[in-house]
Every structure is written in structure tokens, then in C-alpha cells.
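Text of run_25.csv, listed as CSV, C-alpha atoms and all ligand atoms:
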```csv
chain,number,residue,atom,x,y,z
A,1,MET,CA,4.9,-13.2,-2.5
A,2,GLY,CA,4.6,-11.1,-5.6
A,3,ARG,CA,1.5,-11.0,-7.7
A,4,VAL,CA,2.0,-12.1,-11.3
A,5,LEU,CA,-0.2,-10.5,-14.0
A,6,ALA,CA,-0.4,-11.5,-17.6
A,7,ILE,CA,-1.5,-8.7,-19.9
A,8,ALA,CA,-3.2,-10.8,-22.7
A,9,ASN,CA,-5.4,-10.6,-25.7
A,10,GLN,CA,-4.6,-12.4,-28.9
A,11,LYS,CA,-5.6,-9.4,-30.9
A,12,GLY,CA,-2.8,-7.1,-31.9
A,13,GLY,CA,-2.9,-3.4,-31.3
A,14,VAL,CA,-5.4,-3.3,-28.4
A,15,GLY,CA,-3.0,-1.7,-25.9
A,16,LYS,CA,-1.3,-4.7,-24.2
A,17,THR,CA,2.2,-3.2,-24.4
A,18,THR,CA,1.2,0.3,-23.6
A,19,THR,CA,-0.6,-1.1,-20.6
A,20,SER,CA,2.3,-3.3,-19.5
A,21,VAL,CA,4.8,-0.5,-19.7
A,22,ASN,CA,2.6,2.2,-18.0
A,23,LEU,CA,1.1,-0.1,-15.4
A,24,GLY,CA,4.6,-1.3,-14.6
A,25,ALA,CA,5.8,2.2,-14.3
A,26,GLY,CA,2.8,3.2,-12.3
A,27,LEU,CA,3.3,0.4,-9.7
A,28,ALA,CA,7.0,1.2,-9.5
A,29,LEU,CA,6.4,5.0,-9.0
A,30,ALA,CA,3.9,4.1,-6.3
A,31,GLY,CA,6.8,2.4,-4.5
A,32,HIS,CA,6.1,-1.3,-5.4
A,33,SER,CA,9.1,-3.2,-6.7
A,34,THR,CA,8.0,-4.4,-10.1
A,35,LEU,CA,9.4,-6.7,-12.9
A,36,MET,CA,8.1,-6.4,-16.4
A,37,ILE,CA,8.6,-9.5,-18.6
A,38,ASP,CA,8.6,-8.9,-22.3
A,39,LEU,CA,7.2,-12.1,-23.8
A,40,ASP,CA,6.5,-10.7,-27.3
A,41,PRO,CA,9.1,-11.4,-30.0
A,42,GLN,CA,8.4,-7.9,-31.3
A,43,ALA,CA,10.1,-6.6,-28.2
A,44,SER,CA,8.1,-3.4,-28.1
A,45,ALA,CA,7.9,-3.3,-24.3
A,46,THR,CA,11.7,-3.7,-24.2
A,47,SER,CA,12.2,-0.8,-26.6
A,48,GLY,CA,9.5,1.2,-24.9
A,49,LEU,CA,11.7,1.1,-21.7
A,50,GLY,CA,14.7,2.4,-23.6
A,51,ILE,CA,16.5,-0.8,-24.4
A,52,HIS,CA,17.4,-1.7,-28.0
A,53,PRO,CA,16.4,-5.3,-28.6
A,54,GLN,CA,19.4,-5.8,-30.8
A,55,GLU,CA,21.7,-4.9,-27.9
A,56,VAL,CA,20.0,-7.4,-25.6
A,57,GLY,CA,22.3,-10.3,-24.9
A,58,ALA,CA,20.5,-12.6,-22.4
A,59,SER,CA,16.7,-12.3,-22.7
A,60,VAL,CA,13.5,-14.0,-21.6
A,61,TYR,CA,14.3,-16.5,-24.4
A,62,HIS,CA,17.3,-17.8,-22.5
A,63,ALA,CA,15.2,-18.1,-19.4
A,64,LEU,CA,12.6,-20.2,-21.2
A,65,ILE,CA,15.2,-22.5,-22.7
A,66,GLY,CA,16.9,-22.7,-19.4
A,67,GLU,CA,20.3,-21.5,-20.7
A,68,ARG,CA,20.8,-18.6,-18.4
A,69,SER,CA,19.9,-17.7,-14.8
A,70,VAL,CA,17.3,-15.0,-14.4
A,71,ASP,CA,19.9,-12.9,-12.5
A,72,ASP,CA,21.9,-12.6,-15.7
A,73,ILE,CA,18.8,-11.5,-17.6
A,74,ILE,CA,16.8,-9.0,-15.5
A,75,ARG,CA,18.0,-5.4,-15.4
A,76,PRO,CA,17.0,-2.1,-13.8
A,77,THR,CA,15.3,0.6,-16.0
A,78,GLN,CA,15.4,4.3,-15.8
A,79,VAL,CA,12.4,4.1,-13.5
A,80,ASP,CA,13.2,3.4,-9.8
A,81,ASN,CA,11.8,0.1,-8.6
A,82,LEU,CA,11.1,-1.0,-12.2
A,83,TRP,CA,13.1,-3.9,-13.6
A,84,VAL,CA,12.7,-5.6,-16.9
A,85,MET,CA,13.3,-9.1,-18.4
A,86,PRO,CA,13.8,-8.0,-22.0
A,87,ALA,CA,12.9,-9.8,-25.2
A,88,SER,CA,15.3,-10.4,-28.0
A,89,ARG,CA,15.0,-11.6,-31.6
A,90,ASP,CA,15.7,-15.2,-30.5
A,91,LEU,CA,12.2,-15.2,-29.1
A,92,ILE,CA,10.8,-15.5,-32.6
A,93,GLY,CA,11.9,-19.2,-32.7
A,94,ALA,CA,10.7,-20.0,-29.1
A,95,GLU,CA,7.2,-21.1,-30.1
A,96,ILE,CA,8.7,-23.9,-32.0
A,97,GLU,CA,11.8,-24.6,-29.9
A,98,LEU,CA,9.8,-25.0,-26.8
A,99,VAL,CA,7.7,-27.8,-28.2
A,100,PRO,CA,10.0,-30.7,-27.5
A,101,LEU,CA,11.2,-29.5,-24.1
A,102,PRO,CA,10.0,-31.1,-20.9
A,103,ARG,CA,7.1,-29.2,-19.1
A,104,ARG,CA,7.0,-26.9,-22.1
A,105,GLU,CA,3.9,-25.0,-20.7
A,106,TYR,CA,5.7,-24.3,-17.3
A,107,ARG,CA,9.0,-23.0,-18.5
A,108,LEU,CA,8.3,-19.4,-17.6
A,109,GLN,CA,6.7,-20.3,-14.3
A,110,GLN,CA,9.8,-22.3,-13.4
A,111,ALA,CA,12.2,-19.6,-14.5
A,112,ILE,CA,10.5,-16.9,-12.4
A,113,ALA,CA,9.8,-19.0,-9.3
A,114,ALA,CA,12.7,-17.4,-7.4
A,115,LEU,CA,11.9,-13.9,-8.6
A,116,ARG,CA,8.3,-13.9,-7.2
A,117,HIS,CA,9.8,-13.4,-3.7
A,118,ARG,CA,11.8,-10.4,-4.8
A,119,PHE,CA,9.1,-8.3,-6.6
A,120,GLU,CA,5.7,-7.2,-5.4
A,121,PHE,CA,4.4,-7.3,-8.9
A,122,VAL,CA,5.4,-9.1,-12.1
A,123,ILE,CA,3.8,-7.9,-15.3
A,124,ILE,CA,4.0,-10.1,-18.4
A,125,ASP,CA,3.4,-8.5,-21.8
A,126,CYS,CA,2.0,-11.2,-24.0
A,127,PRO,CA,2.4,-11.6,-27.8
A,128,PRO,CA,-0.7,-11.3,-30.0
A,129,SER,CA,-1.5,-15.0,-30.2
A,130,LEU,CA,-2.7,-17.9,-28.0
A,131,GLY,CA,0.4,-20.0,-28.7
A,132,LEU,CA,2.9,-21.5,-26.4
A,133,LEU,CA,4.3,-18.2,-25.2
A,134,THR,CA,1.0,-16.9,-24.0
A,135,VAL,CA,0.2,-20.4,-22.5
A,136,ASN,CA,3.5,-20.0,-20.6
A,137,ALA,CA,2.4,-16.6,-19.3
A,138,LEU,CA,-1.0,-17.9,-18.3
A,139,SER,CA,0.5,-20.9,-16.5
A,140,ALA,CA,2.8,-18.6,-14.6
A,141,ALA,CA,0.3,-15.9,-13.7
A,142,ASP,CA,-2.0,-15.4,-10.8
A,143,ALA,CA,-4.4,-13.4,-13.0
A,144,VAL,CA,-5.0,-12.1,-16.5
A,145,LEU,CA,-5.6,-8.4,-17.3
A,146,ILE,CA,-7.4,-8.1,-20.7
A,147,PRO,CA,-7.1,-4.9,-22.6
A,148,LEU,CA,-10.0,-4.3,-25.0
A,149,GLN,CA,-9.9,-1.6,-27.6
A,150,CYS,CA,-13.1,0.6,-27.6
A,151,GLU,CA,-14.1,-0.2,-31.1
A,152,TYR,CA,-16.8,-2.1,-32.9
A,153,TYR,CA,-15.1,-5.5,-32.7
A,154,ALA,CA,-13.9,-5.1,-29.2
A,155,LEU,CA,-15.5,-8.3,-28.0
A,156,GLU,CA,-14.6,-10.3,-31.1
A,157,GLY,CA,-12.0,-12.9,-30.0
A,158,LEU,CA,-12.7,-12.4,-26.4
A,159,SER,CA,-14.6,-15.8,-26.2
A,160,ALA,CA,-11.6,-17.6,-27.6
A,161,LEU,CA,-9.4,-15.9,-24.9
A,162,LEU,CA,-11.9,-16.8,-22.2
A,163,ASP,CA,-12.0,-20.4,-23.5
A,164,THR,CA,-8.2,-20.6,-23.4
A,165,ILE,CA,-8.3,-19.3,-19.8
A,166,GLY,CA,-10.9,-22.0,-19.0
A,167,PHE,CA,-8.6,-24.7,-20.5
A,168,ILE,CA,-5.6,-23.4,-18.5
A,169,ARG,CA,-7.7,-23.5,-15.3
A,170,GLN,CA,-8.8,-27.1,-16.0
A,171,GLY,CA,-5.2,-28.3,-16.1
A,172,LEU,CA,-2.1,-26.1,-16.1
A,173,ASN,CA,-3.1,-23.5,-13.5
A,174,PRO,CA,-6.4,-24.0,-11.6
A,175,SER,CA,-6.0,-20.8,-9.6
A,176,LEU,CA,-5.7,-18.5,-12.6
A,177,GLY,CA,-8.0,-15.5,-12.0
A,178,ILE,CA,-9.2,-12.6,-14.2
A,179,GLU,CA,-7.8,-9.4,-12.8
A,180,GLY,CA,-10.1,-7.4,-15.0
A,181,LEU,CA,-11.1,-6.1,-18.5
A,182,LEU,CA,-9.5,-2.7,-19.3
A,183,LEU,CA,-11.1,-0.5,-21.9
A,184,THR,CA,-8.4,1.3,-23.9
A,185,MET,CA,-8.2,4.0,-26.6
A,186,PHE,CA,-11.5,5.4,-25.5
A,187,ASP,CA,-12.5,8.4,-27.6
A,188,THR,CA,-15.1,10.5,-25.8
A,189,ARG,CA,-16.3,12.2,-29.0
A,190,ASN,CA,-17.1,8.8,-30.6
A,191,SER,CA,-20.6,7.6,-29.8
A,192,LEU,CA,-19.6,4.1,-30.8
A,193,ALA,CA,-17.0,4.1,-28.1
A,194,HIS,CA,-19.6,4.9,-25.5
A,195,GLN,CA,-21.8,2.1,-26.9
A,196,VAL,CA,-18.9,-0.4,-26.6
A,197,LEU,CA,-18.1,0.7,-23.1
A,198,ASN,CA,-21.7,0.2,-22.0
A,199,GLU,CA,-22.0,-3.2,-23.7
A,200,VAL,CA,-18.8,-4.5,-22.1
A,201,ARG,CA,-19.9,-3.3,-18.7
A,202,GLN,CA,-23.3,-5.0,-19.2
A,203,HIS,CA,-21.7,-8.3,-20.2
A,204,PHE,CA,-19.2,-8.3,-17.5
A,205,PRO,CA,-20.7,-6.2,-14.7
A,206,ASP,CA,-18.0,-7.0,-12.0
A,207,GLN,CA,-15.0,-7.5,-14.2
A,208,VAL,CA,-14.4,-4.2,-15.9
A,209,PHE,CA,-11.9,-1.7,-14.4
A,210,LYS,CA,-13.5,1.7,-13.5
A,211,ALA,CA,-10.4,3.3,-15.0
A,212,VAL,CA,-10.8,3.8,-18.7
A,213,ILE,CA,-7.8,4.6,-20.9
A,214,PRO,CA,-8.5,7.5,-23.3
A,215,ARG,CA,-7.0,7.7,-26.8
A,216,ASN,CA,-4.1,10.0,-26.1
A,217,VAL,CA,-1.3,11.0,-28.3
A,218,ARG,CA,1.3,11.0,-25.5
A,219,LEU,CA,0.8,7.3,-25.0
A,220,SER,CA,1.6,6.6,-28.6
A,221,GLU,CA,4.6,8.9,-28.9
A,222,CYS,CA,6.4,7.9,-25.7
A,223,PRO,CA,7.6,4.5,-26.9
A,224,SER,CA,9.9,6.3,-29.4
A,225,TYR,CA,11.6,8.1,-26.5
A,226,GLY,CA,12.0,4.9,-24.6
A,227,VAL,CA,10.2,6.3,-21.5
A,228,PRO,CA,6.8,5.4,-20.2
A,229,ALA,CA,4.2,8.2,-20.5
A,230,MET,CA,3.8,7.9,-16.7
A,231,VAL,CA,7.3,9.3,-16.5
A,232,TYR,CA,7.6,11.4,-19.6
A,233,ASP,CA,4.4,13.4,-19.0
A,234,ALA,CA,2.7,12.5,-15.8
A,235,SER,CA,0.1,15.3,-16.4
A,236,SER,CA,-1.1,13.9,-19.7
A,237,ARG,CA,-4.6,12.3,-19.8
A,238,GLY,CA,-3.1,9.0,-20.7
A,239,ALA,CA,-0.7,8.9,-17.8
A,240,LYS,CA,-3.4,10.0,-15.4
A,241,ALA,CA,-5.7,7.2,-16.6
A,242,TYR,CA,-2.9,4.7,-16.0
A,243,ALA,CA,-2.2,6.2,-12.6
A,244,ALA,CA,-6.0,5.6,-11.8
A,245,LEU,CA,-5.7,2.0,-13.1
A,246,THR,CA,-2.6,1.4,-10.9
A,247,GLU,CA,-4.4,2.7,-7.8
A,248,GLU,CA,-7.5,0.6,-8.5
A,249,LEU,CA,-5.4,-2.5,-9.0
A,250,VAL,CA,-3.5,-2.0,-5.8
A,251,GLN,CA,-6.7,-1.4,-3.9
A,252,ASN,CA,-8.2,-4.6,-5.4
A,253,ALA,CA,-5.0,-6.5,-4.3
A,254,VAL,CA,-5.4,-5.1,-0.7
A,255,ARG,CA,-9.0,-6.2,-0.6
A,256,ARG,CA,-8.2,-9.7,-1.8
A,301,LIG,P1,-0.6,-4.3,-28.4
A,301,LIG,O1,0.6,-4.5,-27.5
A,301,LIG,O2,-1.9,-4.9,-27.9
A,301,LIG,O3,-0.3,-4.8,-29.8
A,301,LIG,P2,0.1,-1.5,-28.2
A,301,LIG,O4,0.1,-1.2,-26.8
A,301,LIG,O5,1.4,-1.7,-28.9
A,301,LIG,O6,-0.9,-2.8,-28.5
A,301,LIG,O7,-0.8,-0.4,-29.0
A,301,LIG,C1,-0.9,-0.4,-30.4
A,301,LIG,C2,-0.6,1.0,-30.9
A,301,LIG,O8,-1.6,1.9,-30.4
A,301,LIG,C3,0.7,1.5,-30.5
A,301,LIG,O9,1.2,2.3,-31.6
A,301,LIG,C4,0.5,2.4,-29.3
A,301,LIG,O10,1.4,3.4,-29.2
A,301,LIG,C5,-0.9,2.9,-29.6
A,301,LIG,N1,-1.7,3.1,-28.4
A,301,LIG,C6,-2.0,2.3,-27.4
A,301,LIG,N2,-2.8,2.8,-26.5
A,301,LIG,C7,-3.1,4.0,-26.9
A,301,LIG,C8,-3.9,5.1,-26.4
A,301,LIG,N3,-4.6,4.9,-25.3
A,301,LIG,N4,-4.0,6.2,-27.1
A,301,LIG,C9,-3.3,6.4,-28.3
A,301,LIG,N5,-2.5,5.4,-28.8
A,301,LIG,C10,-2.4,4.3,-28.1
A,302,MG,MG,2.4,-5.6,-27.8
```
Take the structure in the file and write it out as C-alpha cells.
Amino acid sequence: MGRVLAIANQKGGVGKTTTSVNLGAGLALAGHSTLMIDLDPQASATSGLGIHPQEVGASVYHALIGERSVDDIIRPTQVDNLWVMPASRDLIGAEIELVPLPRREYRLQQAIAALRHRFEFVIIDCPPSLGLLTVNALSAADAVLIPLQCEYYALEGLSALLDTIGFIRQGLNPSLGIEGLLLTMFDTRNSLAHQVLNEVRQHFPDQVFKAVIPRNVRLSECPSYGVPAMVYDASSRGAKAYAALTEELVQNAVRR
């Protein structure tokens, strides 16, 4: 049975997509069959894996609406063992179109039910909001991985996200866990970043990944080549950090 992880934080620009793409690639390179679901209408994970969102016919939107079978939607990527359920522009309307549908919070869970047996890991790249798309991701997930940017306002908004996770546990998905908090865009030369790192570790002693993702230019330039940094330049600091995260996450899964 595959493990489904939602990469979520309603703040934009904290590293959700970069984490989804590189963790997905890391797991796949380590030999784990992995599916990445792009649940953000901006489709940056889709393009980061080399697929032009305009060329996407069937997308996660059609899975949510129930118009197409997931087999028509998922496709392999340039990375062995890594598959993607792409996003398309249609997804922009999904937050509204889902509202009148039956079991609107469970559409993704239902759509991927059969896929969970085919993949060891399913990674869901969430949009920067706590709307119905993210709720669908949290209802479908076993656990949430929360990227936090190492800056002054890192913890701002985290309580809203934790509240949402609490609500989801009370009703839609009682077994939803927190996979961990991931510190991203860490700048060693910035004393504030060190301060933020210490503060987050103090607040959440057992929930912060040991792996910390540095600010690294390779991670920001790779999306334009449509290849994960893990593949494009495995020796870069960013790729090495995501490799360490991958290993930590797999070890945690073994222990569980
Ligand atoms: P989100 O999905 O949360 O909006 P992204 O992963 O798209 O965040 O990251 C926001 C921007 O920062 C992107 O341009 C991305 O390339 C860049 N970025 C993300 N992580 C890093 C990093 N560790 N070092 C440098 N740039 C990064
Ligand atoms: Mg994103």
C-alpha cells in the first residue's frame, strides 16, 4: 500500500513545488515507484517535470470531476520510476466547480484509491491556499509534509495550517499524520536563518526533519529546464539536501 504525502503550506513561495519535484525524483531514483500529483492550478510541478501545461489534455482536474479514468491521466516522466498526474488550466475553476459535487472533499481520495496499490509513494503538490483543493489533498493523504521558509515570518500562518489539519482529523481523515516540518531556503550566512531554525526546532522538537534545504541557485534554475535538480545536477548542494531528506523520510517509513 503506497504512502500518500501532501506537501502543504498555504503560503506561496515556501518551497512546496521544489520539494514535491525533488523529493519525488529522489524517491524514484532510490528505486521507489512514485507518483507526483500536481494539484496547483499554476502547474509549476507539471512544467518542472518537462510537461507544458497547455499541452496537457487529461489532467488531475478530470480525475476530480470524475470525467476520466486515472489511467488516461497519469504518465511517465524522464525520471525512471517517477510518474506524474499533471495539472492543466482547467484546475483554476475546480475550487468552485467541486462545491456542488457529492463528497466534494473526497474526490481526490476516491480518484487515486486504485493507484495507491501501484505506487510506493504518492506526493501531492498543494496550491497556496486552504481551499477545497488542499482539503482534498489532506483527505486523501496519510501525512502532511510542511515546508517552512527560513525567514522571519516562517511560523506565520502555521497555526492556521495546523488548525486545518485538526479539523480534517476530526472529520474527514482521522488518521492524517504530520510527516514533518522541512526548513527550506536556508542561508548559512544569514544569522536570522539560524535563529528561525532554532526557534522552529524548539517549538516542534520531534517534528522537524534533520535535513535542511539550503538556498541554492540550482534548485531555482532547474524548473526552466524541466528537469529536477536531483537529476540535472546531483552534486549540487540543493540536490544533496533533497537526497538526505529522501533517505530520512524512507528511514522514518521503515520505522513506522
Ligand atoms: P511554492 O510551491 O511553495 O510556491 P516554490 O517551490 O515554487 O514554492 O519556490 C518558490 C521559488 O523559490 C521558486 O522560484 C523556486 O525555484 C525557488 N526556490 C525554492 N526552493 C529554493 C531553494 N532551496 N533555493 C533557491 N531557490 C529556491
Ligand atoms: Mg508551488
Open item on the list: Between A:Asn136, A:Ser88, A:Asn173, A:Ser33, which residue has the minimum interatomic distance to Leu115 of chain A, considering only C-alpha atoms?
Closed with: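 Counting only C-alpha atoms, the residue closest to Leu115 of chain A is A:Ser33.
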Task: Selection within 7 Å of ligand MG 302 (chain A) by only C-alpha atoms and all ligand atoms, output as a PyMOL selection string - done: chain A and resi 12-13+15-17+40+44-45+125-128
Could you give me, as JSON lines, every chain A residue with an atom at most 7 Å from ligand LIG 301 (chain A), plus its closest atom pair and distance in Å to one decimal, counting all atoms listed in the file, rows ordered by chain then number?
```
{"residue": "A:Lys11", "atom": "CA", "partner": "A:LIG301", "partner_atom": "O2", "distance": 6.6}
{"residue": "A:Gly12", "atom": "CA", "partner": "A:LIG301", "partner_atom": "O3", "distance": 4.0}
{"residue": "A:Gly13", "atom": "CA", "partner": "A:LIG301", "partner_atom": "O3", "distance": 3.3}
{"residue": "A:Val14", "atom": "CA", "partner": "A:LIG301", "partner_atom": "O2", "distance": 3.9}
{"residue": "A:Gly15", "atom": "CA", "partner": "A:LIG301", "partner_atom": "O4", "distance": 3.3}
{"residue": "A:Lys16", "atom": "CA", "partner": "A:LIG301", "partner_atom": "O2", "distance": 3.8}
{"residue": "A:Thr17", "atom": "CA", "partner": "A:LIG301", "partner_atom": "O1", "distance": 3.7}
{"residue": "A:Thr18", "atom": "CA", "partner": "A:LIG301", "partner_atom": "O4", "distance": 3.7}
{"residue": "A:Thr19", "atom": "CA", "partner": "A:LIG301", "partner_atom": "O4", "distance": 6.2}
{"residue": "A:Ser44", "atom": "CA", "partner": "A:LIG301", "partner_atom": "O5", "distance": 7.0}
{"residue": "A:Pro128", "atom": "CA", "partner": "A:LIG301", "partner_atom": "O3", "distance": 6.5}
{"residue": "A:Thr184", "atom": "CA", "partner": "A:LIG301", "partner_atom": "N3", "distance": 5.4}
{"residue": "A:Met185", "atom": "CA", "partner": "A:LIG301", "partner_atom": "N3", "distance": 3.9}
{"residue": "A:Phe186", "atom": "CA", "partner": "A:LIG301", "partner_atom": "N3", "distance": 6.9}
{"residue": "A:Ile213", "atom": "CA", "partner": "A:LIG301", "partner_atom": "N3", "distance": 5.4}
{"residue": "A:Pro214", "atom": "CA", "partner": "A:LIG301", "partner_atom": "N3", "distance": 5.1}
{"residue": "A:Arg215", "atom": "CA", "partner": "A:LIG301", "partner_atom": "N4", "distance": 3.4}
{"residue": "A:Asn216", "atom": "CA", "partner": "A:LIG301", "partner_atom": "N4", "distance": 3.9}
{"residue": "A:Val217", "atom": "CA", "partner": "A:LIG301", "partner_atom": "C9", "distance": 5.0}
{"residue": "A:Leu219", "atom": "CA", "partner": "A:LIG301", "partner_atom": "C9", "distance": 5.3}
{"residue": "A:Ser220", "atom": "CA", "partner": "A:LIG301", "partner_atom": "O10", "distance": 3.3}
{"residue": "A:Glu221", "atom": "CA", "partner": "A:LIG301", "partner_atom": "O10", "distance": 6.4}
{"residue": "A:Pro223", "atom": "CA", "partner": "A:LIG301", "partner_atom": "O10", "distance": 6.7}
{"residue": "A:Gly238", "atom": "CA", "partner": "A:LIG301", "partner_atom": "N3", "distance": 6.3}
```
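When all atoms listed in the file are used to measure the gap to Phe204 of chain A, the shortest distance among A:Thr46, A:Leu182, A:Thr246, A:Arg107 belongs to A:Leu182.
Using all atoms listed in the file for every distance, the candidate list A:Ala239, A:Val56, A:Ile96, A:Ile146 yields A:Ile96 as the residue closest to Leu132 of chain A.
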- [ ] For atom CA of Arg103 of chain A and atom CA of Gly166 of chain A, quote the distance in Å rounded to one decimal.
- [x]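 Computing the Euclidean distance for atom CA of Arg103 of chain A and atom CA of Gly166 of chain A yields 19.4 Å.
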Task: Long-range neighbours of Gly66 of chain A as an MDAnalysis selection string, 12 Å cut-off, all atoms listed in the file, 2 positions minimum in chain - done: chainID A and resid 58:64 68:70 72:73 94 97:98 101:104 106:112
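In this structure, atom CA of Phe119 of chain A sits 5.4 Å away from atom CA of Thr34 of chain A.
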- [ ] Could you please determine the separation between atom CA of Glu120 of chain A and atom CA of Asp71 of chain A in Å, to one decimal place?
- [x] 16.9 Å
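Checking A:Met1, A:Val21, A:Leu148, A:Val200 one by one against Ala114 of chain A, counting all atoms listed in the file, you find the shortest gap at A:Met1.
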Open item on the list: Please determine, counting all atoms listed in the file, which residue among A:Ile124, A:Ala43, A:Leu158, A:Ala113 has the shortest atom-to-atom distance to Leu23 of chain A.
Closed with: A:Ile124
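Closest approach to Val208 of chain A among A:Asp233, A:Asp38, A:Asp187, A:Glu248 is made by A:Glu248 (distances from all atoms listed in the file).
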Please identify all polymer residues within 10 Å of Ala243 of chain A, counting all atoms listed in the file, omitting same-chain residues fewer than 5 positions from it, and present them as a compact mmCIF listing (two decimals) with C-alpha atoms, in the frame of the given file.
```txt
# COMPACT_ATOMS: atom_id res chain seq x y z
CA ASN A 22 2.60 2.20 -18.00
CA LEU A 23 1.10 -0.10 -15.40
CA ALA A 25 5.80 2.20 -14.30
CA GLY A 26 2.80 3.20 -12.30
CA LEU A 27 3.30 0.40 -9.70
CA LEU A 29 6.40 5.00 -9.00
CA ALA A 30 3.90 4.10 -6.30
CA ALA A 211 -10.40 3.30 -15.00
CA MET A 230 3.80 7.90 -16.70
CA ALA A 234 2.70 12.50 -15.80
CA ARG A 237 -4.60 12.30 -19.80
CA GLY A 238 -3.10 9.00 -20.70
CA GLU A 248 -7.50 0.60 -8.50
CA LEU A 249 -5.40 -2.50 -9.00
```
- [ ] Find the residues around Tyr152 of chain A up to 10 Å (all atoms listed in the file counted), leave out those fewer than 4 positions away in its own chain, and share them as a list in words.
- [x] Glu156, Leu192, Ala193, Gln195 and Val196 of chain A
